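See below for upload.csv, which holds CSV, C-alpha atoms.
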```
chain,number,residue,atom,x,y,z
A,1,MET,CA,-2.0,-127.1,-108.6
A,2,GLU,CA,-4.0,-130.3,-107.9
A,3,LEU,CA,-2.9,-132.5,-105.0
A,4,GLN,CA,-4.1,-135.9,-104.1
A,5,GLU,CA,-4.0,-137.9,-100.9
A,6,ASP,CA,-0.6,-139.2,-99.7
A,7,GLU,CA,1.4,-136.8,-102.0
A,8,LEU,CA,4.3,-134.7,-100.9
A,9,VAL,CA,5.3,-131.7,-103.1
A,10,THR,CA,8.3,-129.4,-102.8
A,11,LEU,CA,7.9,-125.8,-104.0
A,12,THR,CA,10.9,-123.5,-104.3
A,13,THR,CA,12.0,-120.3,-106.1
A,14,LEU,CA,15.6,-121.4,-106.2
A,15,THR,CA,17.1,-122.6,-109.5
A,16,THR,CA,19.2,-125.1,-107.4
A,17,GLY,CA,16.1,-126.6,-105.7
A,18,ARG,CA,15.5,-130.3,-105.9
A,19,LYS,CA,12.9,-132.7,-104.7
A,20,GLY,CA,13.0,-133.5,-101.0
A,21,ASN,CA,13.6,-137.1,-99.8
A,22,TYR,CA,11.7,-138.3,-96.8
A,23,PRO,CA,11.1,-141.8,-95.3
A,24,PRO,CA,7.6,-143.3,-95.3
A,25,SER,CA,5.3,-142.1,-92.6
A,26,PRO,CA,4.8,-144.5,-89.7
A,27,LYS,CA,1.9,-146.9,-90.0
A,28,SER,CA,-1.2,-146.1,-88.0
A,29,GLN,CA,-1.2,-147.7,-84.6
A,30,PRO,CA,-3.9,-147.9,-81.8
A,31,PHE,CA,-3.5,-145.6,-78.8
A,32,PRO,CA,-1.5,-147.5,-76.1
A,33,ARG,CA,-3.7,-149.1,-73.5
A,34,SER,CA,-1.3,-148.1,-70.8
A,35,TYR,CA,-0.4,-144.4,-70.8
A,36,LYS,CA,1.1,-141.9,-68.3
A,37,ASP,CA,2.1,-138.3,-68.3
A,38,ASP,CA,3.6,-136.3,-65.4
A,39,PHE,CA,3.7,-133.0,-67.3
A,40,ASN,CA,7.2,-132.3,-66.2
A,41,VAL,CA,7.9,-129.8,-68.9
A,42,ASP,CA,9.0,-126.2,-68.3
A,43,PHE,CA,9.4,-125.2,-72.0
A,44,PRO,CA,7.9,-124.2,-74.3
A,45,TYR,CA,5.5,-122.0,-72.4
A,46,PHE,CA,1.8,-122.1,-73.1
A,47,SER,CA,1.9,-125.3,-75.1
A,48,GLU,CA,-0.5,-128.3,-75.0
A,49,ALA,CA,0.4,-131.7,-73.7
A,50,PRO,CA,0.8,-134.4,-76.4
A,51,ASN,CA,-2.2,-136.7,-77.1
A,52,PHE,CA,-4.7,-134.6,-75.2
A,53,ALA,CA,-7.4,-133.1,-77.4
A,54,ASP,CA,-9.1,-130.0,-75.9
A,55,GLN,CA,-12.8,-129.9,-76.9
A,56,THR,CA,-13.8,-126.9,-74.7
A,57,GLY,CA,-11.3,-124.8,-72.7
A,58,VAL,CA,-7.5,-124.7,-73.0
A,59,PHE,CA,-5.2,-127.0,-71.1
A,60,GLU,CA,-1.5,-125.9,-71.0
A,61,TYR,CA,1.8,-126.8,-69.4
A,62,TYR,CA,2.1,-124.8,-66.2
A,63,THR,CA,4.9,-124.0,-63.8
A,64,ASN,CA,3.4,-124.0,-60.3
A,65,ASN,CA,5.6,-121.6,-58.3
A,66,GLU,CA,3.5,-122.2,-55.2
A,67,ASP,CA,4.6,-125.8,-55.1
A,68,PRO,CA,8.3,-126.3,-55.6
A,69,GLY,CA,8.0,-130.0,-54.8
A,70,GLN,CA,6.0,-132.9,-56.4
A,71,HIS,CA,3.6,-130.6,-58.4
A,72,ARG,CA,6.1,-128.1,-59.7
A,73,TYR,CA,5.0,-128.7,-63.3
A,74,THR,CA,1.4,-129.4,-64.1
A,75,LEU,CA,-1.3,-129.2,-66.8
A,76,ARG,CA,-3.6,-126.3,-66.1
A,77,GLN,CA,-7.0,-125.3,-67.5
A,78,VAL,CA,-6.4,-121.6,-68.2
A,79,LEU,CA,-9.7,-120.1,-69.6
A,80,ASN,CA,-11.6,-118.4,-66.8
A,81,GLN,CA,-14.2,-116.9,-69.1
A,82,ARG,CA,-16.5,-118.5,-71.6
A,83,PRO,CA,-15.3,-117.5,-75.1
A,84,ILE,CA,-17.5,-116.5,-78.0
A,85,THR,CA,-18.1,-119.8,-79.9
A,86,TRP,CA,-19.1,-120.9,-83.3
A,87,ALA,CA,-20.9,-123.9,-82.0
A,88,ALA,CA,-22.8,-125.2,-79.0
A,89,ASP,CA,-19.8,-125.5,-76.7
A,90,ALA,CA,-20.2,-127.1,-73.4
A,91,SER,CA,-20.4,-125.1,-70.2
A,92,SER,CA,-17.7,-127.2,-68.7
A,93,THR,CA,-14.2,-127.5,-70.1
A,94,ILE,CA,-13.0,-130.9,-71.3
A,95,SER,CA,-10.0,-132.5,-72.9
A,96,ILE,CA,-10.1,-136.1,-74.2
A,97,ILE,CA,-7.4,-138.7,-74.6
A,98,GLY,CA,-7.1,-142.4,-75.7
A,99,ASP,CA,-9.1,-144.7,-77.9
A,100,TYR,CA,-12.8,-144.3,-78.7
A,101,HIS,CA,-13.2,-148.1,-78.6
A,102,TRP,CA,-12.1,-148.4,-75.0
A,103,THR,CA,-14.6,-150.0,-72.7
A,104,ASN,CA,-13.1,-151.1,-69.4
A,105,MET,CA,-10.5,-148.7,-67.9
A,106,THR,CA,-9.0,-147.2,-64.8
A,107,ILE,CA,-8.1,-143.5,-64.9
A,108,GLN,CA,-6.1,-141.8,-62.1
A,109,CYS,CA,-5.0,-138.2,-61.8
A,110,ASP,CA,-3.8,-135.7,-59.2
A,111,VAL,CA,-6.1,-132.7,-59.2
A,112,TYR,CA,-6.1,-129.2,-57.8
A,113,ILE,CA,-9.2,-126.9,-57.6
A,114,GLU,CA,-8.2,-123.2,-57.6
A,115,THR,CA,-11.6,-121.6,-57.1
A,116,PRO,CA,-12.8,-121.7,-53.4
A,117,GLN,CA,-16.4,-122.8,-52.7
A,118,ARG,CA,-17.6,-122.7,-56.3
A,119,GLY,CA,-14.8,-124.6,-58.1
A,120,GLY,CA,-15.0,-128.1,-59.3
A,121,LEU,CA,-13.4,-130.6,-61.8
A,122,PHE,CA,-13.7,-134.2,-63.0
A,123,ILE,CA,-12.0,-137.2,-64.5
A,124,ALA,CA,-14.1,-139.3,-66.9
A,125,GLY,CA,-14.2,-142.5,-69.0
A,126,ARG,CA,-16.2,-143.8,-72.0
A,127,VAL,CA,-16.7,-140.2,-73.2
A,128,ASN,CA,-18.5,-140.7,-76.5
A,129,LYS,CA,-18.6,-137.2,-78.2
A,130,GLY,CA,-16.4,-134.3,-79.0
A,131,GLY,CA,-16.2,-131.3,-81.3
A,132,ILE,CA,-19.5,-129.5,-81.9
A,133,LEU,CA,-21.4,-132.4,-80.2
A,134,VAL,CA,-19.4,-132.3,-76.9
A,135,ARG,CA,-22.1,-130.5,-75.1
A,136,THR,CA,-24.2,-133.7,-75.3
A,137,ALA,CA,-21.4,-136.0,-74.5
A,138,THR,CA,-22.2,-139.0,-72.3
A,139,GLY,CA,-19.9,-141.3,-70.3
A,140,ILE,CA,-19.0,-141.8,-66.6
A,141,PHE,CA,-17.9,-138.4,-65.1
A,142,PHE,CA,-16.4,-138.4,-61.5
A,143,TRP,CA,-16.8,-134.8,-60.2
A,144,ILE,CA,-15.4,-133.2,-57.0
A,145,TYR,CA,-16.3,-129.7,-55.8
A,146,ALA,CA,-14.6,-127.2,-53.4
A,147,SER,CA,-17.9,-127.0,-51.5
A,148,GLY,CA,-17.1,-130.4,-50.1
A,149,SER,CA,-19.1,-132.8,-52.3
A,150,PHE,CA,-18.7,-135.3,-55.1
A,151,ARG,CA,-21.0,-136.4,-57.9
A,152,VAL,CA,-21.0,-139.1,-60.5
A,153,THR,CA,-22.9,-138.3,-63.7
A,154,ALA,CA,-23.8,-140.0,-67.0
A,155,ASP,CA,-23.2,-136.9,-69.0
A,156,LEU,CA,-21.0,-133.8,-69.2
A,157,GLY,CA,-24.0,-131.5,-68.7
A,158,GLY,CA,-24.8,-133.2,-65.4
A,159,TRP,CA,-28.4,-134.0,-66.2
A,160,ILE,CA,-28.2,-137.6,-65.1
A,161,THR,CA,-26.7,-138.4,-61.6
A,162,TYR,CA,-25.6,-141.9,-60.7
A,163,THR,CA,-24.6,-141.1,-57.2
A,164,SER,CA,-23.5,-138.1,-55.0
A,165,GLY,CA,-22.5,-137.3,-51.5
A,166,HIS,CA,-20.2,-135.5,-49.1
A,167,ALA,CA,-16.4,-135.5,-49.5
A,168,ASP,CA,-13.6,-133.8,-47.6
A,169,ILE,CA,-12.7,-131.5,-50.5
A,170,LYS,CA,-11.4,-127.9,-50.4
A,171,ALA,CA,-9.8,-125.6,-52.9
A,172,LYS,CA,-6.0,-125.1,-53.0
A,173,ARG,CA,-5.2,-128.7,-52.0
A,174,TRP,CA,-4.0,-131.6,-54.1
A,175,TYR,CA,-6.2,-134.8,-54.3
A,176,THR,CA,-5.8,-138.1,-56.2
A,177,LEU,CA,-8.9,-139.3,-58.0
A,178,THR,CA,-9.3,-142.8,-59.4
A,179,LEU,CA,-12.1,-143.9,-61.6
A,180,SER,CA,-12.5,-147.6,-62.4
A,181,ILE,CA,-15.0,-148.8,-65.0
A,182,LYS,CA,-15.7,-152.5,-65.7
A,183,GLY,CA,-18.7,-153.7,-67.6
A,184,TYR,CA,-21.9,-152.2,-66.1
A,185,PHE,CA,-20.3,-151.0,-62.9
A,186,ALA,CA,-17.9,-148.2,-61.8
A,187,SER,CA,-16.1,-147.2,-58.6
A,188,GLY,CA,-14.2,-144.1,-57.5
A,189,MET,CA,-11.5,-143.5,-55.0
A,190,LEU,CA,-10.3,-140.3,-53.3
A,191,ASN,CA,-6.6,-140.4,-52.2
A,192,GLY,CA,-6.6,-144.2,-52.5
A,193,LYS,CA,-9.7,-144.8,-50.4
A,194,ILE,CA,-13.1,-145.9,-51.8
A,195,LEU,CA,-15.5,-143.0,-52.0
A,196,TRP,CA,-18.2,-144.8,-54.0
A,197,GLU,CA,-18.3,-148.4,-55.2
A,198,ASN,CA,-20.0,-150.7,-57.7
A,199,VAL,CA,-22.4,-148.0,-59.0
A,200,PRO,CA,-24.4,-149.4,-62.0
A,201,VAL,CA,-23.6,-147.5,-65.2
A,202,LYS,CA,-25.4,-147.8,-68.5
A,203,TYR,CA,-24.8,-146.1,-71.9
A,204,PRO,CA,-22.3,-145.6,-73.5
A,205,GLY,CA,-20.4,-148.8,-73.7
A,206,ASN,CA,-17.1,-147.3,-74.9
A,207,GLY,CA,-15.3,-144.0,-75.4
A,208,TRP,CA,-12.3,-141.8,-74.5
A,209,ALA,CA,-10.8,-140.9,-71.1
A,210,ALA,CA,-11.1,-137.2,-70.2
A,211,ILE,CA,-10.3,-134.5,-67.7
A,212,GLY,CA,-12.0,-131.1,-67.2
A,213,THR,CA,-13.5,-128.4,-65.0
A,214,HIS,CA,-17.0,-127.6,-63.8
A,215,THR,CA,-16.9,-124.1,-65.3
A,216,PHE,CA,-14.4,-121.9,-67.1
A,217,GLU,CA,-12.1,-121.8,-64.2
A,218,PHE,CA,-8.4,-122.3,-63.3
A,219,ALA,CA,-7.6,-125.9,-62.2
A,220,GLN,CA,-4.5,-128.1,-62.4
A,221,PHE,CA,-3.9,-131.8,-63.2
A,222,ASP,CA,-0.8,-133.9,-62.6
A,223,ASN,CA,0.4,-137.4,-62.9
A,224,PHE,CA,-2.3,-138.6,-65.3
A,225,GLN,CA,-2.5,-142.3,-66.1
A,226,VAL,CA,-4.9,-144.6,-67.7
A,227,GLU,CA,-5.0,-148.4,-68.0
A,228,ALA,CA,-7.5,-149.8,-70.5
A,229,ALA,CA,-8.4,-153.4,-70.9
A,230,ARG,CA,-9.9,-152.6,-74.3
```
In structure tokens, write the structure found in this file.
Amino acid sequence: MELQEDELVTLTTLTTGRKGNYPPSPKSQPFPRSYKDDFNVDFPYFSEAPNFADQTGVFEYYTNNEDPGQHRYTLRQVLNQRPITWAADASSTISIIGDYHWTNMTIQCDVYIETPQRGGLFIAGRVNKGGILVRTATGIFFWIYASGSFRVTADLGGWITYTSGHADIKAKRWYTLTLSIKGYFASGMLNGKILWENVPVKYPGNGWAAIGTHTFEFAQFDNFQVEAAR
């Protein structure tokens, strides 16, 4: 059987079978510039959140029994061991979302590091690579670590650091991270207070938003939102 693009074929072993009838598929639309997800889903278990595309690691809906309040339902990175891969996967986990053509954006997310001392995670914007090339992805990555520090890097691998410093960060606590990117400058907030501001950023000029962890470790994300000007 030869099939071409945009064809729909019905196969059946029934003598009473007939061709199905379906409405046209929706036309392609750009990803919305304003997007929110609170991950308040308790079923189905172990499923991915819509519109997030895991590149390394696995991000799943999670019921947080330790927090019956605001963060009862979250998105959790669940791989705590690097898998055997078929390509040069990144050493950090990452899930991307949005429109590759976005340039200026503000990303905000509640985050929860589960690994004491060694744990860490990030939110990011202008991420320019995925798939087998994700290891060399560049962008603006806002990291926090359970050791009590933060870092802003130009790449997922952390080879180029824009700025870094001390931050009152510990594992097993919720924090709100905000990353704002406009033109050639970026700023970051921790719990609504400026942590670093107007740091010059260079290449790339556009890309996706993203979340992820420092290593293959448990971590949770909640109340994700992104506002993109383009």
List as a tab-separated table every residue of region 7-96 of chain A that is in contact with region 169-173 of chain A, defined as an atom at most 12 Å from one of its atoms (using only C-alpha atoms), together with the nearest atom pair and the distance in Å rounded to one decimal, sorted by chain and then rising number.
```
residue	atom	partner	partner_atom	distance
A:Asn64	CA	A:Lys172	CA	12.0
A:Glu66	CA	A:Lys172	CA	10.2
A:Asp67	CA	A:Arg173	CA	10.7
A:His71	CA	A:Arg173	CA	11.0
```
Inset, instruction - Mind giving me the straight-line distance from CA of Phe59 (chain A) to CA of Thr161 (chain A) in Å, one decimal? - result: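 Going from CA of Phe59 (chain A) over to CA of Thr161 (chain A) covers 26.1 Å.
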Inset, instruction - Place a sphere of radius 10 Å on (-13.3, -127.4, -69.6) in the file coordinates and name every protein, DNA or RNA residue with an atom inside or on its surface, counting all atoms listed in the file; give the answer as JSON, numbers by chain. - result: {"A": [54, 55, 56, 57, 58, 59, 77, 78, 79, 80, 82, 89, 90, 91, 92, 93, 94, 95, 121, 122, 211, 212, 213, 214, 215, 216, 217, 218, 219]}
Inset, instruction - Provide the CA of Ile132 (chain A) to CA of Ala210 (chain A) distance in Å, to one decimal place. - result: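 Here the two named atoms are 16.3 Å from each other.
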Legend entry - Close residues, Met189 (chain A) itself excluded, 12 Å, all atoms listed in the file, min 4 positions apart in chain, as a PyMOL selection string: chain A and resi 106-110+123+142-144+150+152+167+175-181+193-198
Legend entry - Between CA of Gly148 (chain A) and CA of Asn128 (chain A) - distance in Å to one decimal: 28.4 Å
Inset, instruction - Could you check which of A:Thr153, A:Thr138, A:Asn191, A:Ser28 is closest to Gly207 (chain A), using all atoms listed in the file? - result: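 Residue with the minimum atom-to-atom distance to Gly207 (chain A): A:Thr138.
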Inset, instruction - Tell me which of A:Thr12, A:Gln4, A:Thr85, A:Thr163 sits closest to Gly131 (chain A), counting all atoms listed in the file. - result: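 Among A:Thr12, A:Gln4, A:Thr85, A:Thr163, it is A:Thr85 that comes nearest to Gly131 (chain A).
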Which residues of region 177-225 of chain A come within 10 Å of region 33-52 of chain A, and what is each one's closest atom pair and distance in Å (one decimal), counting all atoms listed in the file, sorted by chain and residue number, as a tab-separated table?
```
residue	atom	partner	partner_atom	distance
A:Ala209	CA	A:Phe52	CA	9.7
A:Ala210	CA	A:Phe52	CA	8.5
A:Ile211	CA	A:Phe52	CA	9.4
A:Phe221	CA	A:Phe39	CA	8.7
A:Asp222	CA	A:Asp38	CA	5.7
A:Asn223	CA	A:Asp38	CA	4.2
A:Phe224	CA	A:Asp37	CA	5.3
A:Gln225	CA	A:Lys36	CA	4.2
```
Legend entry - Of the listed residues A:His166, A:Arg151, A:Arg126, A:Arg18, that which approaches Tyr184 (chain A) most closely, counting all atoms listed in the file: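 Checking each of A:His166, A:Arg151, A:Arg126, A:Arg18 against Tyr184 (chain A), counting all atoms listed in the file, the winner is A:Arg126.
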Inset, instruction - Could you tell me which of A:Pro68, A:Ala228, A:Asp168, A:Thr13 comes closest to His101 (chain A) if we count all atoms listed in the file? - result: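 Closest to His101 (chain A), using all atoms listed in the file: A:Ala228.
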All heavy atoms restored at region 203-214 of chain A, emitted as a compact mmCIF listing (two decimals), in the frame of the given file:
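Result went into out-v1.txt, see below:
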```txt
# COMPACT_ATOMS: atom_id res chain seq x y z
N TYR A 203 -25.38 -146.68 -70.68
CA TYR A 203 -24.80 -146.10 -71.90
C TYR A 203 -23.89 -144.98 -71.62
O TYR A 203 -24.15 -144.21 -70.68
CB TYR A 203 -26.01 -145.66 -72.78
CG TYR A 203 -25.62 -144.98 -74.07
CD1 TYR A 203 -25.36 -145.73 -75.20
CD2 TYR A 203 -25.50 -143.61 -74.14
CE1 TYR A 203 -25.00 -145.11 -76.39
CE2 TYR A 203 -25.14 -142.98 -75.31
CZ TYR A 203 -24.89 -143.74 -76.44
OH TYR A 203 -24.54 -143.13 -77.60
N PRO A 204 -22.79 -144.79 -72.39
CA PRO A 204 -22.30 -145.60 -73.50
C PRO A 204 -21.44 -146.74 -73.07
O PRO A 204 -20.96 -146.77 -71.94
CB PRO A 204 -21.56 -144.58 -74.35
CG PRO A 204 -20.97 -143.67 -73.32
CD PRO A 204 -22.00 -143.56 -72.23
N GLY A 205 -21.19 -147.66 -73.99
CA GLY A 205 -20.40 -148.80 -73.70
C GLY A 205 -18.90 -148.62 -73.97
O GLY A 205 -18.09 -149.47 -73.62
N ASN A 206 -18.53 -147.51 -74.59
CA ASN A 206 -17.10 -147.30 -74.90
C ASN A 206 -16.91 -145.77 -75.14
O ASN A 206 -17.87 -145.00 -75.30
CB ASN A 206 -16.73 -148.02 -76.20
CG ASN A 206 -17.61 -147.68 -77.38
OD1 ASN A 206 -18.69 -148.26 -77.56
ND2 ASN A 206 -17.17 -146.73 -78.19
N GLY A 207 -15.64 -145.37 -75.14
CA GLY A 207 -15.30 -144.00 -75.40
C GLY A 207 -13.95 -143.61 -74.81
O GLY A 207 -13.21 -144.46 -74.32
N TRP A 208 -13.61 -142.32 -74.90
CA TRP A 208 -12.30 -141.80 -74.50
C TRP A 208 -12.24 -141.61 -72.97
O TRP A 208 -13.27 -141.54 -72.29
CB TRP A 208 -12.02 -140.48 -75.15
CG TRP A 208 -11.99 -140.51 -76.64
CD1 TRP A 208 -11.02 -141.06 -77.43
CD2 TRP A 208 -12.95 -139.95 -77.54
NE1 TRP A 208 -11.32 -140.87 -78.76
CE2 TRP A 208 -12.49 -140.20 -78.86
CE3 TRP A 208 -14.16 -139.26 -77.36
CZ2 TRP A 208 -13.20 -139.78 -79.98
CZ3 TRP A 208 -14.86 -138.85 -78.48
CH2 TRP A 208 -14.38 -139.10 -79.77
N ALA A 209 -11.03 -141.45 -72.46
CA ALA A 209 -10.80 -140.90 -71.10
C ALA A 209 -10.81 -139.38 -71.24
O ALA A 209 -10.62 -138.82 -72.33
CB ALA A 209 -9.50 -141.40 -70.55
N ALA A 210 -11.00 -138.68 -70.11
CA ALA A 210 -11.10 -137.20 -70.20
C ALA A 210 -10.78 -136.59 -68.82
O ALA A 210 -10.93 -137.24 -67.77
CB ALA A 210 -12.44 -136.76 -70.68
N ILE A 211 -10.40 -135.32 -68.86
CA ILE A 211 -10.30 -134.50 -67.70
C ILE A 211 -11.00 -133.17 -67.99
O ILE A 211 -11.21 -132.83 -69.16
CB ILE A 211 -8.82 -134.20 -67.29
CG1 ILE A 211 -8.06 -133.54 -68.45
CG2 ILE A 211 -8.13 -135.48 -66.86
CD1 ILE A 211 -6.63 -133.12 -68.12
N GLY A 212 -11.38 -132.41 -66.95
CA GLY A 212 -12.00 -131.10 -67.20
C GLY A 212 -12.44 -130.43 -65.95
O GLY A 212 -12.22 -130.91 -64.83
N THR A 213 -13.06 -129.27 -66.12
CA THR A 213 -13.50 -128.40 -65.00
C THR A 213 -14.98 -128.17 -65.05
O THR A 213 -15.61 -128.23 -66.12
CB THR A 213 -12.73 -127.10 -64.97
OG1 THR A 213 -13.00 -126.37 -66.17
CG2 THR A 213 -11.23 -127.32 -64.83
N HIS A 214 -15.53 -127.81 -63.89
CA HIS A 214 -17.00 -127.60 -63.80
C HIS A 214 -17.42 -126.38 -64.61
O HIS A 214 -18.44 -126.43 -65.31
CB HIS A 214 -17.32 -127.36 -62.30
CG HIS A 214 -18.75 -127.02 -62.05
ND1 HIS A 214 -19.80 -127.78 -62.54
CD2 HIS A 214 -19.32 -126.00 -61.36
CE1 HIS A 214 -20.95 -127.25 -62.16
NE2 HIS A 214 -20.70 -126.17 -61.45
```
